[in-house]
$ cat structure.cif   # mmCIF, C-alpha atoms and all ligand atoms
data_protein
loop_
_atom_site.label_atom_id
_atom_site.label_comp_id
_atom_site.auth_asym_id
_atom_site.auth_seq_id
_atom_site.Cartn_x
_atom_site.Cartn_y
_atom_site.Cartn_z
CA MET A 1 140.50 -31.34 -21.82
CA ASP A 2 140.00 -35.09 -22.39
CA GLY A 3 136.28 -35.86 -21.76
CA ALA A 4 137.15 -39.49 -20.94
CA SER A 5 138.98 -38.36 -17.78
CA GLN A 6 135.78 -36.79 -16.34
CA PRO A 7 134.06 -39.02 -13.74
CA PRO A 8 130.65 -40.18 -15.02
CA PRO A 9 127.70 -38.44 -13.33
CA PRO A 10 126.31 -40.51 -10.44
CA LYS A 11 123.09 -42.46 -11.13
CA THR A 12 121.73 -41.51 -7.73
CA CYS A 13 122.91 -39.17 -5.02
CA ALA A 14 122.55 -39.93 -1.32
CA ILE A 15 121.35 -37.05 0.85
CA ASP A 16 121.99 -37.46 4.53
CA VAL A 17 119.49 -35.37 6.51
CA ASN A 18 120.26 -34.38 10.11
CA ASP A 19 123.00 -36.92 10.85
CA GLY A 20 121.16 -39.97 9.57
CA ALA A 21 117.62 -39.02 10.71
CA LYS A 22 116.66 -39.65 7.05
CA THR A 23 118.62 -40.63 3.95
CA LEU A 24 117.24 -39.91 0.49
CA HIS A 25 118.47 -41.51 -2.73
CA VAL A 26 117.60 -39.29 -5.68
CA PRO A 27 118.69 -38.89 -9.30
CA PRO A 28 120.96 -35.87 -9.86
CA GLY A 29 119.67 -32.67 -11.44
CA LYS A 30 116.93 -31.26 -9.21
CA THR A 31 117.38 -28.70 -6.46
CA LEU A 32 117.49 -29.63 -2.78
CA PHE A 33 114.21 -27.73 -2.33
CA GLU A 34 112.54 -29.95 -4.95
CA VAL A 35 113.89 -33.31 -3.77
CA LEU A 36 113.05 -32.50 -0.14
CA ASN A 37 109.53 -31.48 -1.17
CA ASP A 38 109.17 -34.77 -3.07
CA ALA A 39 110.10 -36.54 0.17
CA ASP A 40 107.54 -34.48 2.13
CA ILE A 41 110.23 -32.45 3.85
CA HIS A 42 108.98 -28.92 3.31
CA LEU A 43 111.38 -26.01 3.68
CA PRO A 44 109.78 -22.64 4.40
CA THR A 45 109.07 -20.60 1.26
CA ILE A 46 107.23 -17.57 0.04
CA CYS A 47 108.47 -17.51 -3.55
CA GLY A 48 107.92 -21.23 -4.21
CA GLY A 49 111.57 -22.05 -4.94
CA ARG A 50 112.49 -19.13 -7.21
CA GLY A 51 115.39 -17.71 -5.19
CA LYS A 52 113.48 -14.56 -4.27
CA CYS A 53 112.37 -14.88 -0.65
CA GLY A 54 115.45 -16.20 1.15
CA ARG A 55 113.30 -18.44 3.40
CA CYS A 56 114.37 -21.93 2.34
CA ARG A 57 117.49 -21.90 4.52
CA LEU A 58 119.30 -25.02 5.57
CA THR A 59 122.87 -25.99 6.36
CA VAL A 60 124.87 -27.95 3.81
CA LEU A 61 127.71 -29.76 5.56
CA SER A 62 129.24 -31.26 2.41
CA GLY A 63 128.67 -31.75 -1.30
CA ALA A 64 127.36 -28.35 -2.49
CA ASP A 65 128.54 -26.28 -5.46
CA GLU A 66 129.52 -22.61 -5.10
CA PRO A 67 126.76 -20.23 -3.87
CA THR A 68 124.61 -18.55 -6.53
CA ASP A 69 124.04 -14.79 -6.84
CA ALA A 70 120.64 -15.21 -5.14
CA GLU A 71 122.33 -16.81 -2.12
CA LYS A 72 124.94 -14.05 -1.98
CA LYS A 73 122.08 -11.55 -1.93
CA HIS A 74 120.17 -13.22 0.93
CA LEU A 75 123.03 -14.58 3.04
CA SER A 76 126.07 -12.84 4.50
CA ALA A 77 129.62 -14.03 3.78
CA ASP A 78 129.82 -15.38 7.35
CA GLN A 79 126.55 -17.32 6.98
CA LEU A 80 127.73 -18.84 3.70
CA LYS A 81 131.05 -19.72 5.29
CA ALA A 82 129.17 -21.53 8.07
CA GLY A 83 127.36 -23.63 5.43
CA LEU A 84 124.02 -21.80 5.43
CA ARG A 85 122.44 -22.08 1.97
CA LEU A 86 119.13 -21.63 0.17
CA GLY A 87 117.62 -25.03 -0.63
CA CYS A 88 116.16 -23.81 -3.92
CA GLN A 89 119.60 -22.75 -5.16
CA VAL A 90 121.58 -25.88 -4.31
CA LYS A 91 121.59 -28.42 -7.15
CA VAL A 92 121.88 -32.07 -6.20
CA ASN A 93 124.89 -33.23 -8.26
CA ARG A 94 126.62 -35.54 -5.81
CA ASP A 95 126.15 -36.96 -2.30
CA LEU A 96 125.19 -34.29 0.23
CA ALA A 97 125.01 -33.99 3.99
CA ILE A 98 122.50 -31.39 5.20
CA ARG A 99 120.81 -30.13 8.34
CA VAL A 100 117.22 -28.83 8.34
CA PRO A 101 115.35 -27.38 11.35
CA GLU A 102 114.11 -30.26 13.55
CA GLU A 103 110.50 -29.16 13.15
CA VAL A 104 110.66 -29.68 9.40
CA LEU A 105 111.24 -33.39 10.05
CA GLN A 106 108.47 -33.89 12.58
CA ALA A 107 105.77 -35.24 10.27
CA ARG A 108 104.63 -38.83 10.86
CA PRO A 109 101.75 -41.13 9.85
CA PHE A 110 98.52 -41.18 11.89
CA ARG A 111 95.37 -43.29 11.94
CA ALA A 112 92.14 -41.70 13.13
CA LYS A 113 88.41 -42.32 13.04
CA LEU A 114 85.73 -39.87 12.08
CA GLU A 115 83.94 -38.79 15.24
CA SER A 116 81.48 -36.22 13.90
CA VAL A 117 80.62 -33.91 11.02
CA ARG A 118 79.01 -30.49 11.42
CA ASP A 119 77.55 -28.34 8.62
CA LEU A 120 79.10 -24.87 8.79
CA THR A 121 77.61 -23.50 5.55
CA HIS A 122 75.91 -24.95 2.45
CA ASP A 123 79.34 -26.08 1.14
CA ILE A 124 81.65 -26.12 4.17
CA LYS A 125 81.74 -28.78 6.87
CA ARG A 126 83.80 -29.35 10.00
CA PHE A 127 85.15 -32.89 10.28
CA ARG A 128 86.30 -33.99 13.73
CA PHE A 129 88.61 -37.03 13.93
CA GLU A 130 89.69 -38.94 17.01
CA LEU A 131 93.29 -40.16 16.79
CA THR A 132 93.73 -43.90 17.22
CA GLU A 133 97.41 -44.55 16.38
CA PRO A 134 99.27 -42.68 17.76
CA GLN A 135 96.69 -41.15 20.08
CA ARG A 136 98.19 -37.67 20.37
CA ILE A 137 99.51 -35.08 17.95
CA GLU A 138 101.83 -32.16 18.69
CA PHE A 139 101.85 -29.24 16.31
CA ILE A 140 102.23 -25.50 16.05
CA PRO A 141 98.88 -23.87 15.18
CA GLY A 142 98.82 -22.99 11.47
CA ARG A 143 100.18 -26.35 10.29
CA TYR A 144 98.41 -28.77 7.95
CA ILE A 145 98.03 -32.51 7.49
CA LYS A 146 97.84 -34.61 4.33
CA LEU A 147 94.74 -36.79 4.30
CA HIS A 148 95.10 -40.00 2.26
CA LEU A 149 92.35 -40.93 -0.14
CA PRO A 150 91.26 -44.56 0.17
CA LYS A 151 92.55 -46.77 -2.65
CA ALA A 152 88.93 -47.44 -3.67
CA VAL A 153 88.49 -43.71 -4.33
CA ASP A 154 91.91 -43.01 -5.83
CA PRO A 155 93.98 -46.10 -6.70
CA SER A 156 97.19 -44.02 -6.79
CA GLY A 157 96.82 -43.41 -3.03
CA ALA A 158 96.92 -39.61 -3.44
CA SER A 159 96.48 -37.25 -0.52
CA ARG A 160 95.17 -33.70 -0.01
CA ALA A 161 96.39 -30.98 2.33
CA PHE A 162 94.07 -29.58 5.02
CA SER A 163 94.92 -27.02 7.69
CA ILE A 164 94.37 -28.21 11.23
CA ALA A 165 91.42 -26.26 12.69
CA SER A 166 91.66 -27.55 16.27
CA PRO A 167 94.06 -26.09 18.85
CA PRO A 168 97.14 -28.07 19.98
CA SER A 169 95.59 -28.44 23.48
CA GLU A 170 93.06 -30.89 21.97
CA ALA A 171 95.92 -33.28 21.25
CA ARG A 172 93.71 -36.39 20.88
CA ARG A 173 91.67 -34.88 18.05
CA VAL A 174 92.13 -33.22 14.71
CA GLU A 175 89.44 -30.98 13.25
CA LEU A 176 89.36 -29.96 9.61
CA ILE A 177 87.24 -27.27 7.96
CA VAL A 178 86.63 -28.40 4.40
CA ARG A 179 84.99 -26.73 1.44
CA LEU A 180 83.31 -28.92 -1.16
CA HIS A 181 84.78 -28.68 -4.67
CA PRO A 182 81.95 -29.72 -7.00
CA ASP A 183 84.25 -31.95 -9.11
CA GLY A 184 86.66 -32.69 -6.29
CA THR A 185 87.70 -36.28 -5.64
CA CYS A 186 88.64 -35.88 -1.98
CA THR A 187 85.98 -33.43 -0.89
CA ASN A 188 83.17 -35.39 -2.58
CA TRP A 189 84.37 -38.53 -0.82
CA MET A 190 84.48 -36.68 2.51
CA PHE A 191 81.09 -35.02 2.06
CA ASN A 192 79.22 -37.98 0.57
CA ASP A 193 80.83 -41.26 1.62
CA LEU A 194 82.90 -40.84 4.77
CA GLN A 195 80.87 -42.18 7.72
CA ALA A 196 81.20 -41.67 11.48
CA GLY A 197 83.44 -44.39 12.92
CA GLN A 198 85.26 -44.93 9.63
CA GLU A 199 89.07 -45.03 9.76
CA VAL A 200 91.22 -42.53 7.85
CA ARG A 201 94.97 -42.14 7.50
CA PHE A 202 96.92 -38.91 7.35
CA ASP A 203 100.49 -37.63 7.70
CA GLY A 204 101.62 -34.48 9.41
CA PRO A 205 102.05 -31.94 10.73
CA TYR A 206 103.46 -30.07 7.74
CA GLY A 207 104.12 -26.49 6.71
CA GLN A 208 105.60 -23.34 8.09
CA PHE A 209 102.50 -21.17 8.40
CA GLY A 210 102.22 -19.81 11.93
CA LEU A 211 102.75 -16.66 13.96
CA THR A 212 106.13 -15.09 14.61
CA ASP A 213 106.98 -14.44 18.25
CA GLY A 214 107.37 -10.69 17.66
CA ASP A 215 105.05 -8.04 19.06
CA ALA A 216 103.83 -6.37 15.83
CA GLU A 217 100.12 -5.73 15.32
CA MET A 218 98.63 -8.49 13.18
CA ILE A 219 96.10 -8.60 10.41
CA TRP A 220 94.73 -11.99 9.42
CA ILE A 221 92.94 -12.34 6.08
CA ALA A 222 90.91 -15.47 5.33
CA GLY A 223 88.42 -16.63 2.75
CA GLY A 224 86.27 -19.77 2.49
CA SER A 225 87.81 -22.71 4.36
CA GLY A 226 90.92 -20.54 4.92
CA MET A 227 89.41 -19.74 8.34
CA SER A 228 90.63 -23.16 9.44
CA ALA A 229 94.21 -22.26 10.42
CA PHE A 230 93.09 -19.04 12.13
CA TRP A 231 90.43 -20.92 14.09
CA SER A 232 93.20 -23.11 15.49
CA ILE A 233 95.53 -20.16 16.14
CA LEU A 234 92.80 -18.02 17.75
CA ARG A 235 91.67 -20.75 20.14
CA HIS A 236 95.30 -21.45 21.03
CA LEU A 237 95.99 -17.77 21.77
CA ALA A 238 92.77 -17.48 23.79
CA GLU A 239 94.12 -20.22 26.07
CA MET A 240 97.32 -18.20 26.65
CA LYS A 241 96.46 -15.73 29.36
CA ASN A 242 99.24 -13.23 28.57
CA PHE A 243 98.71 -12.73 24.82
CA SER A 244 98.09 -9.10 23.83
CA ARG A 245 99.15 -8.37 20.21
CA PRO A 246 96.38 -6.30 18.57
CA THR A 247 94.88 -8.63 15.94
CA THR A 248 92.17 -8.14 13.32
CA LEU A 249 90.68 -11.10 11.47
CA TYR A 250 89.19 -10.14 8.09
CA PHE A 251 86.99 -12.89 6.75
CA GLY A 252 85.72 -12.75 3.17
CA ALA A 253 82.51 -14.41 2.02
CA VAL A 254 80.17 -13.91 -0.91
CA ALA A 255 76.83 -13.71 0.93
CA ARG A 256 75.49 -14.23 4.43
CA ARG A 257 75.02 -17.95 3.83
CA ASP A 258 78.82 -18.28 3.40
CA LEU A 259 79.62 -16.94 6.88
CA TYR A 260 80.25 -19.42 9.69
CA LEU A 261 81.44 -19.58 13.31
CA GLN A 262 79.89 -16.11 13.69
CA GLU A 263 78.68 -16.52 17.24
CA GLU A 264 81.94 -18.08 18.34
CA LEU A 265 84.06 -15.34 16.73
CA ARG A 266 81.87 -12.56 18.19
CA GLY A 267 82.22 -14.33 21.55
CA TYR A 268 86.01 -14.21 21.30
CA GLU A 269 85.83 -10.55 20.28
CA LYS A 270 84.01 -9.80 23.55
CA GLN A 271 86.30 -11.99 25.63
CA LEU A 272 89.67 -10.91 24.18
CA ASN A 273 90.49 -7.19 24.23
CA TRP A 274 93.21 -7.64 21.58
CA PHE A 275 90.97 -9.33 18.98
CA THR A 276 88.69 -7.72 16.35
CA TYR A 277 86.58 -9.64 13.85
CA VAL A 278 85.63 -8.02 10.52
CA PRO A 279 83.50 -10.12 8.17
CA ALA A 280 83.05 -8.79 4.62
CA LEU A 281 80.49 -9.77 2.00
CA SER A 282 81.36 -9.31 -1.67
CA GLN A 283 77.84 -9.92 -3.05
CA PRO A 284 75.11 -10.08 -0.41
CA ALA A 285 71.99 -11.93 -1.56
CA GLU A 286 68.64 -10.19 -1.73
CA GLY A 287 67.22 -10.19 1.76
CA ASP A 288 70.63 -10.49 3.46
CA ALA A 289 70.04 -7.19 5.36
CA TRP A 290 73.78 -6.74 5.73
CA GLU A 291 75.12 -3.73 7.62
CA GLY A 292 78.72 -4.88 7.83
CA GLN A 293 81.66 -4.36 5.45
CA LEU A 294 80.98 -4.67 1.72
CA GLY A 295 83.46 -5.69 -0.98
CA LEU A 296 86.30 -8.11 -1.54
CA VAL A 297 87.95 -8.91 1.77
CA THR A 298 91.32 -7.65 0.55
CA ASP A 299 89.77 -4.29 -0.46
CA VAL A 300 88.03 -4.06 2.91
CA ALA A 301 91.34 -4.71 4.71
CA ALA A 302 93.04 -2.11 2.47
CA ARG A 303 90.46 0.54 3.42
CA ARG A 304 91.09 0.01 7.12
CA LEU A 305 94.87 -0.42 6.99
CA GLU A 306 96.49 2.99 7.30
CA ASN A 307 99.92 2.60 8.80
CA VAL A 308 101.90 -0.57 8.14
CA ALA A 309 104.98 0.51 10.10
CA ASN A 310 104.45 -2.09 12.84
CA VAL A 311 102.21 -4.63 11.13
CA GLU A 312 102.52 -8.29 10.19
CA ALA A 313 100.04 -9.83 7.76
CA TYR A 314 98.89 -13.46 7.65
CA LEU A 315 96.74 -14.80 4.82
CA CYS A 316 95.08 -18.16 4.32
CA GLY A 317 92.70 -19.31 1.61
CA PRO A 318 92.15 -19.67 -2.13
CA PRO A 319 94.91 -18.61 -4.55
CA GLY A 320 92.96 -15.64 -6.00
CA MET A 321 92.44 -14.10 -2.56
CA ILE A 322 96.09 -14.62 -1.58
CA ASP A 323 97.36 -13.01 -4.80
CA ALA A 324 95.01 -10.03 -4.36
CA GLY A 325 96.08 -9.74 -0.72
CA LEU A 326 99.79 -9.81 -1.56
CA ALA A 327 99.36 -7.12 -4.24
CA MET A 328 97.41 -4.95 -1.79
CA LEU A 329 99.95 -5.37 1.03
CA HIS A 330 102.91 -4.65 -1.25
CA ALA A 331 101.15 -1.52 -2.56
CA LYS A 332 100.72 -0.41 1.07
CA GLY A 333 104.49 -0.78 1.52
CA LEU A 334 104.50 -3.88 3.72
CA GLY A 335 107.76 -5.78 3.22
CA GLN A 336 107.73 -9.42 2.10
CA GLU A 337 109.45 -10.41 5.34
CA ARG A 338 106.35 -9.37 7.29
CA ILE A 339 103.84 -11.25 5.13
CA PHE A 340 103.03 -14.93 5.76
CA PHE A 341 100.56 -17.04 3.85
CA ASP A 342 99.23 -20.49 3.07
CA LYS A 343 97.79 -20.71 -0.42
CA PHE A 344 95.20 -23.47 -0.74
CA GLU A 345 96.62 -24.43 -4.10
CA HIS A 346 95.79 -27.64 -5.78
CA ARG A 347 98.96 -29.71 -5.39
C1 LIG B 401 98.67 -26.08 2.46
C2 LIG B 401 97.23 -26.33 2.04
C3 LIG B 401 96.23 -26.31 2.99
C4 LIG B 401 94.91 -26.54 2.60
N1 LIG B 401 93.95 -26.48 3.57
C5 LIG B 401 92.66 -26.65 3.21
C6 LIG B 401 91.64 -26.55 4.21
O1 LIG B 401 91.88 -26.35 5.40
N2 LIG B 401 90.35 -26.72 3.80
C7 LIG B 401 90.03 -26.98 2.47
O2 LIG B 401 88.84 -27.11 2.17
N3 LIG B 401 90.98 -27.07 1.54
C8 LIG B 401 92.29 -26.93 1.86
N4 LIG B 401 93.26 -27.05 0.90
C9 LIG B 401 92.87 -27.48 -0.48
C10 LIG B 401 92.80 -29.03 -0.50
O3 LIG B 401 94.10 -29.58 -0.32
C11 LIG B 401 92.27 -29.59 -1.84
O4 LIG B 401 93.01 -29.05 -2.92
C12 LIG B 401 90.80 -29.28 -2.06
O5 LIG B 401 90.05 -29.73 -0.97
C13 LIG B 401 90.26 -29.98 -3.34
O6 LIG B 401 90.48 -31.35 -3.27
P1 LIG B 401 89.58 -32.35 -4.11
O7 LIG B 401 90.25 -33.68 -4.14
O8 LIG B 401 88.19 -32.31 -3.64
O9 LIG B 401 89.62 -31.73 -5.59
P2 LIG B 401 90.42 -32.33 -6.84
O10 LIG B 401 89.83 -33.60 -7.29
O11 LIG B 401 91.87 -32.35 -6.48
O12 LIG B 401 90.17 -31.19 -7.91
C14 LIG B 401 88.90 -31.04 -8.56
C15 LIG B 401 88.92 -29.81 -9.44
O13 LIG B 401 88.99 -28.62 -8.64
C16 LIG B 401 90.18 -27.89 -8.93
N5 LIG B 401 90.73 -27.46 -7.64
C17 LIG B 401 90.96 -28.27 -6.60
N6 LIG B 401 91.43 -27.57 -5.55
C18 LIG B 401 91.50 -26.30 -5.96
C19 LIG B 401 91.89 -25.11 -5.33
N7 LIG B 401 92.33 -25.06 -4.04
N8 LIG B 401 91.83 -23.97 -6.03
C20 LIG B 401 91.41 -23.97 -7.31
N9 LIG B 401 91.00 -25.10 -7.97
C21 LIG B 401 91.06 -26.23 -7.29
C22 LIG B 401 91.09 -28.86 -9.65
O14 LIG B 401 91.97 -28.22 -10.56
C23 LIG B 401 90.10 -29.75 -10.37
O15 LIG B 401 89.70 -29.16 -11.57
C24 LIG B 401 94.59 -26.81 1.25
C25 LIG B 401 95.61 -26.85 0.30
C26 LIG B 401 96.91 -26.60 0.67
C27 LIG B 401 97.98 -26.64 -0.37
S1 LIG B 402 112.19 -20.75 -1.72
FE1 LIG B 402 112.33 -18.61 -1.85
S2 LIG B 402 114.46 -18.28 -1.95
FE2 LIG B 402 114.32 -20.42 -1.95
#
$ encode --input "structure.cif" --output "structure tokens"
Amino acid sequence: MDGASQPPPPKTCAIDVNDGAKTLHVPPGKTLFEVLNDADIHLPTICGGRGKCGRCRLTVLSGADEPTDAEKKHLSADQLKAGLRLGCQVKVNRDLAIRVPEEVLQARPFRAKLESVRDLTHDIKRFRFELTEPQRIEFIPGRYIKLHLPKAVDPSGASRAFSIASPPSEARRVELIVRLHPDGTCTNWMFNDLQAGQEVRFDGPYGQFGLTDGDAEMIWIAGGSGMSAFWSILRHLAEMKNFSRPTTLYFGAVARRDLYLQEELRGYEKQLNWFTYVPALSQPAEGDAWEGQLGLVTDVAARRLENVANVEAYLCGPPGMIDAGLAMLHAKGLGQERIFFDKFEHR
């Protein structure tokens, strides 16, 4: 075939999202999953774009190549015929028109001012912000925001993700539970320089972490500042009078000094007959006088988890804990489709 008759590859491809709600202009070559992520449009994922989880579904109205084997595995012939595709499998090679769930597009910029800071442990603080513009936020509990670093702290204008710790009913505020990283740019700025009354900017809400609306028993596993999303979800559920799914929150800490919100969580345990709180210490300090669960939180959960037939698992926290939790849950026979997590990865 004469190469000269081939049309030259386009320099940029236009991606029309949800009938003109957004239009992206991107160079060809990446996957839809990647270019949408770059534009802060986050498709659901468990496998991180590797074609394994089948979560990153969206509708491609025009411009896609033939489905890959991974798509044929996760989607039926009828779904593919209707345009349903996996974002991580669709290469951007020409102009595309796509539809993503409305919620995925909801994120917007906010201004807020720091109202108060409360010490939760020696290295975790709760930051409470009052929204100034706009003055209300709507979100599904479990979502996160991206807090912008001031240019004086990071000239590139980078941002960091933080789960929203407050419930949606407190629509005029956003609370964050933040753990100090000793060398961390953002957390050092928040812990050492950010003053009450100071203005901050963030975008959100983002993410897909949140409860399904099924009726399976739930286990929640959190470590460190990973309590944040569950603190939002728990307070939201406590406000719903008819919630009844049996739920156990496993919280992992090293020693007693790393536990926080103890009184509040014990209070909810008394108030809500469907909620159980199980803190676990991996290395109690001398003098901790600890009579509760001992060991890594994922091992503690494993010891207590007998039958996974009607269980959903939710995990939130540092990457090591999430990976250990996933291995444990898979070994117990819990299917990937019933495991949901937010990994506090550096990204
Ligand atoms: C979806 C999501 C939700 C998150 N929610 C929260 C939250 O609610 N509370 C919270 O405290 N944090 C949360 N994080 C982590 C947060 O976004 C930052 O990564 C973290 O606060 C460190 O930022 P920093 O600027 O202080 O550190 P940086 O300056 O970015 O990093 C300093 C050093 O620490 C290392 N590092 C940074 N973060 C991590 C990490 N998570 N694991 C391992 N090494 C790391 C870096 O490699 C680097 O060496 C979340 C992350 C994600 C992706
Ligand atoms: S992100 Fe997992 S299949 Fe696409």
$ atom_distance --input "structure.cif" --atom1 "CA of Thr31 in chain A" --atom2 "atom N1 of ligand LIG 401 (chain B)"
25.6 Å
$ residues_near_ligand --input "structure.cif" --ligand "ligand LIG 402 (chain B)" --cutoff "6 Å" --atoms "only C-alpha atoms and all ligand atoms" --output "PyMOL selection string"
chain A and resi 45-56+86-88
$ write_last_selection --input "structure.cif" --atoms "C-alpha atoms" --output "PDB file, keeping the file's coordinate frame"
ATOM      1  CA  THR A  45     109.070 -20.600   1.260  1.00  0.00           C
ATOM      2  CA  ILE A  46     107.230 -17.570   0.040  1.00  0.00           C
ATOM      3  CA  CYS A  47     108.470 -17.510  -3.550  1.00  0.00           C
ATOM      4  CA  GLY A  48     107.920 -21.230  -4.210  1.00  0.00           C
ATOM      5  CA  GLY A  49     111.570 -22.050  -4.940  1.00  0.00           C
ATOM      6  CA  ARG A  50     112.490 -19.130  -7.210  1.00  0.00           C
ATOM      7  CA  GLY A  51     115.390 -17.710  -5.190  1.00  0.00           C
ATOM      8  CA  LYS A  52     113.480 -14.560  -4.270  1.00  0.00           C
ATOM      9  CA  CYS A  53     112.370 -14.880  -0.650  1.00  0.00           C
ATOM     10  CA  GLY A  54     115.450 -16.200   1.150  1.00  0.00           C
ATOM     11  CA  ARG A  55     113.300 -18.440   3.400  1.00  0.00           C
ATOM     12  CA  CYS A  56     114.370 -21.930   2.340  1.00  0.00           C
ATOM     13  CA  LEU A  86     119.130 -21.630   0.170  1.00  0.00           C
ATOM     14  CA  GLY A  87     117.620 -25.030  -0.630  1.00  0.00           C
ATOM     15  CA  CYS A  88     116.160 -23.810  -3.920  1.00  0.00           C
TER      16      CYS A  88
END
$ closest_residue --input "structure.cif" --among "A:Pro167, A:Gly207, A:Pro101, A:Pro155" --to "ligand LIG 401 (chain B)" --atoms "only C-alpha atoms and all ligand atoms"
A:Gly207
$ closest_atom_pairs --input "structure.cif" --of "chain A" --to "ligand LIG 401 (chain B)" --cutoff "9 Å" --atoms "only C-alpha atoms and all ligand atoms" --output "JSON lines"
{"residue": "A:Ile124", "atom": "CA", "partner": "B:LIG401", "partner_atom": "O2", "distance": 7.5}
{"residue": "A:Lys125", "atom": "CA", "partner": "B:LIG401", "partner_atom": "O2", "distance": 8.7}
{"residue": "A:Arg143", "atom": "CA", "partner": "B:LIG401", "partner_atom": "C1", "distance": 8.0}
{"residue": "A:Tyr144", "atom": "CA", "partner": "B:LIG401", "partner_atom": "C3", "distance": 6.0}
{"residue": "A:Ile145", "atom": "CA", "partner": "B:LIG401", "partner_atom": "C3", "distance": 7.9}
{"residue": "A:Lys146", "atom": "CA", "partner": "B:LIG401", "partner_atom": "O3", "distance": 7.8}
{"residue": "A:Leu147", "atom": "CA", "partner": "B:LIG401", "partner_atom": "O3", "distance": 8.6}
{"residue": "A:Leu149", "atom": "CA", "partner": "B:LIG401", "partner_atom": "O7", "distance": 8.5}
{"residue": "A:Ala158", "atom": "CA", "partner": "B:LIG401", "partner_atom": "O7", "distance": 9.0}
{"residue": "A:Ser159", "atom": "CA", "partner": "B:LIG401", "partner_atom": "O3", "distance": 8.0}
{"residue": "A:Arg160", "atom": "CA", "partner": "B:LIG401", "partner_atom": "O3", "distance": 4.3}
{"residue": "A:Ala161", "atom": "CA", "partner": "B:LIG401", "partner_atom": "O3", "distance": 3.8}
{"residue": "A:Phe162", "atom": "CA", "partner": "B:LIG401", "partner_atom": "N1", "distance": 3.4}
{"residue": "A:Ser163", "atom": "CA", "partner": "B:LIG401", "partner_atom": "O1", "distance": 3.9}
{"residue": "A:Ile164", "atom": "CA", "partner": "B:LIG401", "partner_atom": "O1", "distance": 6.6}
{"residue": "A:Ala165", "atom": "CA", "partner": "B:LIG401", "partner_atom": "O1", "distance": 7.3}
{"residue": "A:Leu176", "atom": "CA", "partner": "B:LIG401", "partner_atom": "O1", "distance": 6.1}
{"residue": "A:Ile177", "atom": "CA", "partner": "B:LIG401", "partner_atom": "N2", "distance": 5.2}
{"residue": "A:Val178", "atom": "CA", "partner": "B:LIG401", "partner_atom": "O2", "distance": 3.4}
{"residue": "A:Arg179", "atom": "CA", "partner": "B:LIG401", "partner_atom": "O2", "distance": 3.9}
{"residue": "A:Leu180", "atom": "CA", "partner": "B:LIG401", "partner_atom": "O8", "distance": 6.4}
{"residue": "A:His181", "atom": "CA", "partner": "B:LIG401", "partner_atom": "O8", "distance": 5.1}
{"residue": "A:Pro182", "atom": "CA", "partner": "B:LIG401", "partner_atom": "C14", "distance": 7.2}
{"residue": "A:Asp183", "atom": "CA", "partner": "B:LIG401", "partner_atom": "C14", "distance": 4.8}
{"residue": "A:Gly184", "atom": "CA", "partner": "B:LIG401", "partner_atom": "O8", "distance": 3.1}
{"residue": "A:Thr185", "atom": "CA", "partner": "B:LIG401", "partner_atom": "O10", "distance": 3.8}
{"residue": "A:Cys186", "atom": "CA", "partner": "B:LIG401", "partner_atom": "O7", "distance": 3.5}
{"residue": "A:Thr187", "atom": "CA", "partner": "B:LIG401", "partner_atom": "O8", "distance": 3.7}
{"residue": "A:Asn188", "atom": "CA", "partner": "B:LIG401", "partner_atom": "O8", "distance": 6.0}
{"residue": "A:Trp189", "atom": "CA", "partner": "B:LIG401", "partner_atom": "O8", "distance": 7.8}
{"residue": "A:Met190", "atom": "CA", "partner": "B:LIG401", "partner_atom": "O8", "distance": 8.4}
{"residue": "A:Tyr206", "atom": "CA", "partner": "B:LIG401", "partner_atom": "C1", "distance": 8.2}
{"residue": "A:Gly207", "atom": "CA", "partner": "B:LIG401", "partner_atom": "C1", "distance": 6.9}
{"residue": "A:Phe209", "atom": "CA", "partner": "B:LIG401", "partner_atom": "C1", "distance": 8.6}
{"residue": "A:Gly224", "atom": "CA", "partner": "B:LIG401", "partner_atom": "O2", "distance": 7.8}
{"residue": "A:Ser225", "atom": "CA", "partner": "B:LIG401", "partner_atom": "N2", "distance": 4.8}
{"residue": "A:Gly226", "atom": "CA", "partner": "B:LIG401", "partner_atom": "O1", "distance": 5.9}
{"residue": "A:Met227", "atom": "CA", "partner": "B:LIG401", "partner_atom": "O1", "distance": 7.6}
{"residue": "A:Ser228", "atom": "CA", "partner": "B:LIG401", "partner_atom": "O1", "distance": 5.3}
{"residue": "A:Ala229", "atom": "CA", "partner": "B:LIG401", "partner_atom": "O1", "distance": 6.9}
{"residue": "A:Cys316", "atom": "CA", "partner": "B:LIG401", "partner_atom": "C3", "distance": 8.3}
{"residue": "A:Gly317", "atom": "CA", "partner": "B:LIG401", "partner_atom": "C5", "distance": 7.5}
{"residue": "A:Pro318", "atom": "CA", "partner": "B:LIG401", "partner_atom": "N7", "distance": 5.7}
{"residue": "A:Pro319", "atom": "CA", "partner": "B:LIG401", "partner_atom": "N8", "distance": 6.4}
{"residue": "A:Gly320", "atom": "CA", "partner": "B:LIG401", "partner_atom": "N8", "distance": 8.4}
{"residue": "A:Asp342", "atom": "CA", "partner": "B:LIG401", "partner_atom": "C1", "distance": 5.7}
{"residue": "A:Lys343", "atom": "CA", "partner": "B:LIG401", "partner_atom": "C27", "distance": 5.9}
{"residue": "A:Phe344", "atom": "CA", "partner": "B:LIG401", "partner_atom": "C25", "distance": 3.6}
{"residue": "A:Glu345", "atom": "CA", "partner": "B:LIG401", "partner_atom": "N7", "distance": 4.3}
{"residue": "A:His346", "atom": "CA", "partner": "B:LIG401", "partner_atom": "O4", "distance": 4.2}
{"residue": "A:Arg347", "atom": "CA", "partner": "B:LIG401", "partner_atom": "C27", "distance": 6.0}
